[in-house]
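Let me begin by presenting the structure, written as structure tokens, before commenting on it.
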Amino acid sequence: MRTFAALAVLVAVAGCSVQVSGTAQPSGNGFVVKDGTQLRFRPVLQELTPSPPAGAAADRQSADPAAQQAAAAALDCAQGRPDPLAGRDDPALPLVSCDRAKGTKYVLGPAFLSGADVGWVDARLDPQTGRAVIGIRFTAAGTRTWAGWTGGNVGKQVAMVLQSRVLTAPQIQSAITGGETQISGQFTLPEARQLAHDIAGG
């Protein structure tokens with residue numbers, strides 16, 4: 001299971017073309033997104049520390065802040081526990097979810113990108129730092145949406161959500177306009193490879 005020592009961050013990859021076809025072949029540590037319907041990019045509205053579930057189950061897609069807090073309190077983020085909402089969340093509504101590897105709970109906004117906007121995902125070592133990173137390459141349409149969203153949300157977090165669960169929620173370091181993004185953090189190459197695999201849909 002993934003465990004990261006520090007908050008992951010998103011950075012632009014220098015020298016990448018804005019026009020990305022989505023047909024590039026992945027490397028040995030790369031994965032093509034085959035089904036883009038389950039992966040969603042959602043803004044993080046609130047990050048909550050891990051806590052045991054408390055209270056009755058509540059609506060995890062309510063727009064009411066009080067209902068969101070109640071849903072977060074009641075949400076059970078234990079690993080291996082099935083999610084009754086898995087794959088059935090409405091992308092147009094907010095979502096209360098969690099990262100089951102860390103137990104962190106999140107209140108997320110409506111989705112603004114999907115896996116259909118991603119060409120491929122890979123894991124590799126950054127030649128400048130020697131650290132493992134995940135690269136995400138967007139389609140041409142995804143590049144435009146991503147550039148606009150990251151430009152307006154520097155310093156904020158974005159959650160990559162697969163079947164209603166948060167895979168990672170890195171922080172935006174700058175506007176990302178070149179069509180490819182790197183997620184960097186304190187993880188090993190095998191952990192980065194697993195995350196890339198999960199982002200691509202498993």
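Ordered as shown in the structure tokens, chains take letters A, B, and onward, while each chain numbers its residues from 1 and ligands are numbered from 1 in the order shown.
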Considering only C-alpha atoms, return as a PDB file with N, CA, C and O atoms, in the first residue's frame whatever protein or nucleic-acid residues lie within 10 Å of range 153-163 of chain A, sequence-local ones (same chain, fewer than 6 positions apart) excluded.
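Output below, filename result-v4.pdb:
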```pdb
ATOM      1  N   LEU A   7       3.564  15.817   1.704  1.00  0.00           N
ATOM      2  CA  LEU A   7       2.573  16.203   0.716  1.00  0.00           C
ATOM      3  C   LEU A   7       3.172  16.181  -0.672  1.00  0.00           C
ATOM      4  O   LEU A   7       4.238  16.743  -0.908  1.00  0.00           O
ATOM      5  N   ALA A   8       2.525  15.513  -1.599  1.00  0.00           N
ATOM      6  CA  ALA A   8       2.982  15.509  -2.985  1.00  0.00           C
ATOM      7  C   ALA A   8       2.654  16.851  -3.614  1.00  0.00           C
ATOM      8  O   ALA A   8       1.710  17.537  -3.218  1.00  0.00           O
ATOM      9  N   VAL A   9       3.456  17.235  -4.606  1.00  0.00           N
ATOM     10  CA  VAL A   9       3.232  18.500  -5.293  1.00  0.00           C
ATOM     11  C   VAL A   9       3.198  18.266  -6.793  1.00  0.00           C
ATOM     12  O   VAL A   9       3.746  17.290  -7.301  1.00  0.00           O
ATOM     13  N   LEU A  10       2.537  19.166  -7.499  1.00  0.00           N
ATOM     14  CA  LEU A  10       2.447  19.118  -8.952  1.00  0.00           C
ATOM     15  C   LEU A  10       3.304  20.221  -9.533  1.00  0.00           C
ATOM     16  O   LEU A  10       3.216  21.373  -9.115  1.00  0.00           O
ATOM     17  N   GLY A  36     -11.604   6.208 -19.287  1.00  0.00           N
ATOM     18  CA  GLY A  36     -11.528   7.506 -18.636  1.00  0.00           C
ATOM     19  C   GLY A  36     -12.743   7.879 -17.820  1.00  0.00           C
ATOM     20  O   GLY A  36     -12.791   8.970 -17.257  1.00  0.00           O
ATOM     21  N   THR A  37     -13.719   6.988 -17.724  1.00  0.00           N
ATOM     22  CA  THR A  37     -14.966   7.349 -17.046  1.00  0.00           C
ATOM     23  C   THR A  37     -14.860   7.309 -15.524  1.00  0.00           C
ATOM     24  O   THR A  37     -15.691   7.908 -14.838  1.00  0.00           O
ATOM     25  N   GLN A  38     -13.864   6.598 -14.974  1.00  0.00           N
ATOM     26  CA  GLN A  38     -13.798   6.424 -13.525  1.00  0.00           C
ATOM     27  C   GLN A  38     -12.834   7.379 -12.837  1.00  0.00           C
ATOM     28  O   GLN A  38     -12.925   7.594 -11.632  1.00  0.00           O
ATOM     29  N   LEU A  39     -11.876   7.950 -13.597  1.00  0.00           N
ATOM     30  CA  LEU A  39     -10.907   8.879 -13.017  1.00  0.00           C
ATOM     31  C   LEU A  39     -11.434  10.305 -13.115  1.00  0.00           C
ATOM     32  O   LEU A  39     -11.848  10.742 -14.201  1.00  0.00           O
ATOM     33  N   ARG A  40     -11.386  11.030 -11.992  1.00  0.00           N
ATOM     34  CA  ARG A  40     -11.848  12.417 -11.979  1.00  0.00           C
ATOM     35  C   ARG A  40     -10.882  13.296 -11.202  1.00  0.00           C
ATOM     36  O   ARG A  40     -10.309  12.850 -10.194  1.00  0.00           O
ATOM     37  N   PHE A  41     -10.720  14.507 -11.676  1.00  0.00           N
ATOM     38  CA  PHE A  41      -9.901  15.509 -10.995  1.00  0.00           C
ATOM     39  C   PHE A  41     -10.851  16.477 -10.301  1.00  0.00           C
ATOM     40  O   PHE A  41     -11.682  17.109 -10.949  1.00  0.00           O
ATOM     41  N   ARG A  42     -10.711  16.577  -8.971  1.00  0.00           N
ATOM     42  CA  ARG A  42     -11.611  17.411  -8.180  1.00  0.00           C
ATOM     43  C   ARG A  42     -10.793  18.352  -7.291  1.00  0.00           C
ATOM     44  O   ARG A  42      -9.787  17.945  -6.697  1.00  0.00           O
ATOM     45  N   PRO A  43     -11.215  19.618  -7.171  1.00  0.00           N
ATOM     46  CA  PRO A  43     -10.521  20.525  -6.248  1.00  0.00           C
ATOM     47  C   PRO A  43     -10.747  20.098  -4.806  1.00  0.00           C
ATOM     48  O   PRO A  43     -11.845  19.661  -4.440  1.00  0.00           O
ATOM     49  N   VAL A  44      -9.697  20.220  -3.986  1.00  0.00           N
ATOM     50  CA  VAL A  44      -9.824  19.937  -2.556  1.00  0.00           C
ATOM     51  C   VAL A  44     -10.348  21.188  -1.866  1.00  0.00           C
ATOM     52  O   VAL A  44      -9.698  22.226  -1.869  1.00  0.00           O
ATOM     53  N   LEU A  45     -11.528  21.083  -1.279  1.00  0.00           N
ATOM     54  CA  LEU A  45     -12.115  22.190  -0.529  1.00  0.00           C
ATOM     55  C   LEU A  45     -11.661  22.171   0.925  1.00  0.00           C
ATOM     56  O   LEU A  45     -11.499  23.206   1.551  1.00  0.00           O
ATOM     57  N   GLN A  46     -11.456  20.949   1.440  1.00  0.00           N
ATOM     58  CA  GLN A  46     -11.018  20.806   2.826  1.00  0.00           C
ATOM     59  C   GLN A  46     -10.341  19.454   3.007  1.00  0.00           C
ATOM     60  O   GLN A  46     -10.807  18.447   2.471  1.00  0.00           O
ATOM     61  N   GLU A  47      -9.231  19.444   3.724  1.00  0.00           N
ATOM     62  CA  GLU A  47      -8.551  18.201   4.093  1.00  0.00           C
ATOM     63  C   GLU A  47      -8.685  18.018   5.590  1.00  0.00           C
ATOM     64  O   GLU A  47      -8.394  18.937   6.368  1.00  0.00           O
ATOM     65  N   ASP A  83     -16.453   0.555  -0.394  1.00  0.00           N
ATOM     66  CA  ASP A  83     -17.092   1.869  -0.441  1.00  0.00           C
ATOM     67  C   ASP A  83     -18.438   1.717  -1.143  1.00  0.00           C
ATOM     68  O   ASP A  83     -18.481   1.384  -2.328  1.00  0.00           O
ATOM     69  N   LEU A  85     -20.309   3.821  -2.321  1.00  0.00           N
ATOM     70  CA  LEU A  85     -20.459   4.806  -3.396  1.00  0.00           C
ATOM     71  C   LEU A  85     -19.511   4.539  -4.563  1.00  0.00           C
ATOM     72  O   LEU A  85     -19.565   5.223  -5.579  1.00  0.00           O
ATOM     73  N   ALA A  86     -18.673   3.534  -4.457  1.00  0.00           N
ATOM     74  CA  ALA A  86     -17.597   3.288  -5.423  1.00  0.00           C
ATOM     75  C   ALA A  86     -18.082   3.332  -6.870  1.00  0.00           C
ATOM     76  O   ALA A  86     -18.936   2.543  -7.284  1.00  0.00           O
ATOM     77  N   GLY A  87     -17.542   4.302  -7.632  1.00  0.00           N
ATOM     78  CA  GLY A  87     -17.851   4.404  -9.049  1.00  0.00           C
ATOM     79  C   GLY A  87     -19.207   4.985  -9.369  1.00  0.00           C
ATOM     80  O   GLY A  87     -19.580   5.082 -10.532  1.00  0.00           O
ATOM     81  N   ARG A  88     -19.965   5.415  -8.357  1.00  0.00           N
ATOM     82  CA  ARG A  88     -21.317   5.924  -8.604  1.00  0.00           C
ATOM     83  C   ARG A  88     -21.478   7.385  -8.229  1.00  0.00           C
ATOM     84  O   ARG A  88     -22.594   7.900  -8.207  1.00  0.00           O
ATOM     85  N   ASP A  89     -20.356   8.056  -7.914  1.00  0.00           N
ATOM     86  CA  ASP A  89     -20.481   9.465  -7.545  1.00  0.00           C
ATOM     87  C   ASP A  89     -20.796  10.307  -8.770  1.00  0.00           C
ATOM     88  O   ASP A  89     -20.365  10.013  -9.878  1.00  0.00           O
ATOM     89  N   LEU A  95     -18.066  15.975  -3.321  1.00  0.00           N
ATOM     90  CA  LEU A  95     -17.883  14.599  -2.856  1.00  0.00           C
ATOM     91  C   LEU A  95     -17.069  14.604  -1.575  1.00  0.00           C
ATOM     92  O   LEU A  95     -16.043  15.277  -1.485  1.00  0.00           O
ATOM     93  N   SER A  97     -14.780  12.139   0.477  1.00  0.00           N
ATOM     94  CA  SER A  97     -14.066  10.893   0.208  1.00  0.00           C
ATOM     95  C   SER A  97     -12.836  10.819   1.095  1.00  0.00           C
ATOM     96  O   SER A  97     -12.632  11.669   1.967  1.00  0.00           O
ATOM     97  N   CYS A  98     -12.020   9.788   0.876  1.00  0.00           N
ATOM     98  CA  CYS A  98     -10.796   9.663   1.655  1.00  0.00           C
ATOM     99  C   CYS A  98      -9.734   8.911   0.880  1.00  0.00           C
ATOM    100  O   CYS A  98     -10.017   8.211  -0.094  1.00  0.00           O
ATOM    101  N   ASP A  99      -8.504   9.093   1.304  1.00  0.00           N
ATOM    102  CA  ASP A  99      -7.362   8.326   0.830  1.00  0.00           C
ATOM    103  C   ASP A  99      -7.222   7.157   1.802  1.00  0.00           C
ATOM    104  O   ASP A  99      -6.824   7.350   2.954  1.00  0.00           O
ATOM    105  N   TYR A 106     -11.430  14.010   2.858  1.00  0.00           N
ATOM    106  CA  TYR A 106     -11.466  15.209   2.033  1.00  0.00           C
ATOM    107  C   TYR A 106     -12.899  15.620   1.719  1.00  0.00           C
ATOM    108  O   TYR A 106     -13.764  14.761   1.497  1.00  0.00           O
ATOM    109  N   VAL A 107     -13.123  16.927   1.658  1.00  0.00           N
ATOM    110  CA  VAL A 107     -14.318  17.480   1.038  1.00  0.00           C
ATOM    111  C   VAL A 107     -13.852  18.040  -0.301  1.00  0.00           C
ATOM    112  O   VAL A 107     -12.960  18.889  -0.356  1.00  0.00           O
ATOM    113  N   LEU A 108     -14.445  17.540  -1.385  1.00  0.00           N
ATOM    114  CA  LEU A 108     -13.998  17.863  -2.741  1.00  0.00           C
ATOM    115  C   LEU A 108     -15.090  18.590  -3.514  1.00  0.00           C
ATOM    116  O   LEU A 108     -16.274  18.340  -3.314  1.00  0.00           O
ATOM    117  N   GLY A 109     -14.671  19.450  -4.416  1.00  0.00           N
ATOM    118  CA  GLY A 109     -15.613  20.137  -5.278  1.00  0.00           C
ATOM    119  C   GLY A 109     -15.974  19.292  -6.481  1.00  0.00           C
ATOM    120  O   GLY A 109     -15.441  18.187  -6.684  1.00  0.00           O
ATOM    121  N   ALA A 111     -16.058  17.739 -10.213  1.00  0.00           N
ATOM    122  CA  ALA A 111     -14.947  17.396 -11.102  1.00  0.00           C
ATOM    123  C   ALA A 111     -14.845  18.392 -12.250  1.00  0.00           C
ATOM    124  O   ALA A 111     -15.850  18.874 -12.758  1.00  0.00           O
ATOM    125  N   LEU A 113     -12.054  17.731 -14.653  1.00  0.00           N
ATOM    126  CA  LEU A 113     -11.369  16.923 -15.669  1.00  0.00           C
ATOM    127  C   LEU A 113     -11.674  15.460 -15.392  1.00  0.00           C
ATOM    128  O   LEU A 113     -11.976  15.082 -14.262  1.00  0.00           O
ATOM    129  N   SER A 114     -11.552  14.630 -16.424  1.00  0.00           N
ATOM    130  CA  SER A 114     -11.743  13.188 -16.249  1.00  0.00           C
ATOM    131  C   SER A 114     -10.577  12.445 -16.892  1.00  0.00           C
ATOM    132  O   SER A 114      -9.708  13.041 -17.544  1.00  0.00           O
ATOM    133  N   GLY A 115     -10.584  11.141 -16.729  1.00  0.00           N
ATOM    134  CA  GLY A 115      -9.551  10.319 -17.346  1.00  0.00           C
ATOM    135  C   GLY A 115      -9.560  10.399 -18.856  1.00  0.00           C
ATOM    136  O   GLY A 115      -8.549  10.109 -19.501  1.00  0.00           O
ATOM    137  N   ALA A 169      -3.596  13.727  -3.537  1.00  0.00           N
ATOM    138  CA  ALA A 169      -4.124  15.096  -3.542  1.00  0.00           C
ATOM    139  C   ALA A 169      -2.960  16.081  -3.478  1.00  0.00           C
ATOM    140  O   ALA A 169      -2.741  16.738  -2.465  1.00  0.00           O
ATOM    141  N   PRO A 170      -2.188  16.181  -4.557  1.00  0.00           N
ATOM    142  CA  PRO A 170      -1.008  17.057  -4.553  1.00  0.00           C
ATOM    143  C   PRO A 170      -1.366  18.529  -4.613  1.00  0.00           C
ATOM    144  O   PRO A 170      -2.477  18.906  -4.978  1.00  0.00           O
ATOM    145  N   GLN A 171      -0.380  19.339  -4.268  1.00  0.00           N
ATOM    146  CA  GLN A 171      -0.538  20.793  -4.259  1.00  0.00           C
ATOM    147  C   GLN A 171      -0.015  21.382  -5.568  1.00  0.00           C
ATOM    148  O   GLN A 171       1.038  20.979  -6.073  1.00  0.00           O
ATOM    149  N   ILE A 172      -0.748  22.339  -6.114  1.00  0.00           N
ATOM    150  CA  ILE A 172      -0.352  23.020  -7.346  1.00  0.00           C
ATOM    151  C   ILE A 172       0.753  24.022  -7.030  1.00  0.00           C
ATOM    152  O   ILE A 172       0.566  24.918  -6.216  1.00  0.00           O
ATOM    153  N   GLN A 173       1.913  23.880  -7.684  1.00  0.00           N
ATOM    154  CA  GLN A 173       3.038  24.778  -7.444  1.00  0.00           C
ATOM    155  C   GLN A 173       3.051  25.981  -8.376  1.00  0.00           C
ATOM    156  O   GLN A 173       3.606  27.021  -8.042  1.00  0.00           O
ATOM    157  N   SER A 174       2.463  25.823  -9.575  1.00  0.00           N
ATOM    158  CA  SER A 174       2.448  26.917 -10.552  1.00  0.00           C
ATOM    159  C   SER A 174       1.443  26.574 -11.631  1.00  0.00           C
ATOM    160  O   SER A 174       0.950  25.442 -11.691  1.00  0.00           O
ATOM    161  N   ALA A 175       1.148  27.534 -12.492  1.00  0.00           N
ATOM    162  CA  ALA A 175       0.312  27.239 -13.658  1.00  0.00           C
ATOM    163  C   ALA A 175       1.039  26.212 -14.523  1.00  0.00           C
ATOM    164  O   ALA A 175       2.239  26.337 -14.766  1.00  0.00           O
ATOM    165  N   ILE A 176       0.323  25.208 -14.990  1.00  0.00           N
ATOM    166  CA  ILE A 176       0.937  24.119 -15.755  1.00  0.00           C
ATOM    167  C   ILE A 176       0.331  24.147 -17.152  1.00  0.00           C
ATOM    168  O   ILE A 176      -0.798  23.719 -17.360  1.00  0.00           O
ATOM    169  N   ASP A 198      -2.535   3.129 -10.699  1.00  0.00           N
ATOM    170  CA  ASP A 198      -3.855   3.408 -10.147  1.00  0.00           C
ATOM    171  C   ASP A 198      -4.518   4.589 -10.867  1.00  0.00           C
ATOM    172  O   ASP A 198      -5.717   4.557 -11.169  1.00  0.00           O
ATOM    173  N   ILE A 199      -3.744   5.650 -11.118  1.00  0.00           N
ATOM    174  CA  ILE A 199      -4.291   6.826 -11.809  1.00  0.00           C
ATOM    175  C   ILE A 199      -4.808   6.442 -13.197  1.00  0.00           C
ATOM    176  O   ILE A 199      -5.837   6.943 -13.662  1.00  0.00           O
ATOM    177  N   ALA A 200      -4.072   5.532 -13.859  1.00  0.00           N
ATOM    178  CA  ALA A 200      -4.480   5.089 -15.196  1.00  0.00           C
ATOM    179  C   ALA A 200      -5.699   4.173 -15.166  1.00  0.00           C
ATOM    180  O   ALA A 200      -6.212   3.782 -16.213  1.00  0.00           O
ATOM    181  N   GLY A 201      -6.142   3.814 -13.987  1.00  0.00           N
ATOM    182  CA  GLY A 201      -7.342   2.987 -13.882  1.00  0.00           C
ATOM    183  C   GLY A 201      -7.096   1.584 -13.417  1.00  0.00           C
ATOM    184  O   GLY A 201      -7.998   0.755 -13.372  1.00  0.00           O
ATOM    185  N   GLY A 202      -5.846   1.284 -13.027  1.00  0.00           N
ATOM    186  CA  GLY A 202      -5.529  -0.033 -12.500  1.00  0.00           C
ATOM    187  C   GLY A 202      -5.368  -1.095 -13.556  1.00  0.00           C
ATOM    188  O   GLY A 202      -5.513  -0.858 -14.734  1.00  0.00           O
TER     189      GLY A 202
END
```
Open item on the list: as a PyMOL selection string, please: every residue in chain A that DSSP puts in helix (DSSP H, G or I).
Closed with: chain A and resi 65-74+115-117+140-151+189-199
Task: Atom-to-atom span, CA of Arg60 in chain A and CA of Ala72 in chain A, Å - done: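 Between these atoms lies a distance of 7.6 Å.
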Task: For Lys34 in chain A, the nearest of the candidates A:Leu189, A:Ala196, A:Leu125, A:Val118, counting only C-alpha atoms - done: A:Val118
Open item on the list: Using DSSP assignments from the backbone, pull out every residue in range 15-167 of chain A that falls under strand (DSSP E) and give it to me as a PyMOL selection string.
Closed with: chain A and resi 30-32+39-48+95-99+104-108+113-114+118-125+132-138+158-162+165-167
- [ ] State, in Å with one decimal place, the distance from CA of Pro84 in chain A to CA of Leu167 in chain A.
- [x]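 Value for the CA of Pro84 in chain A-CA of Leu167 in chain A distance: 17.1 Å.
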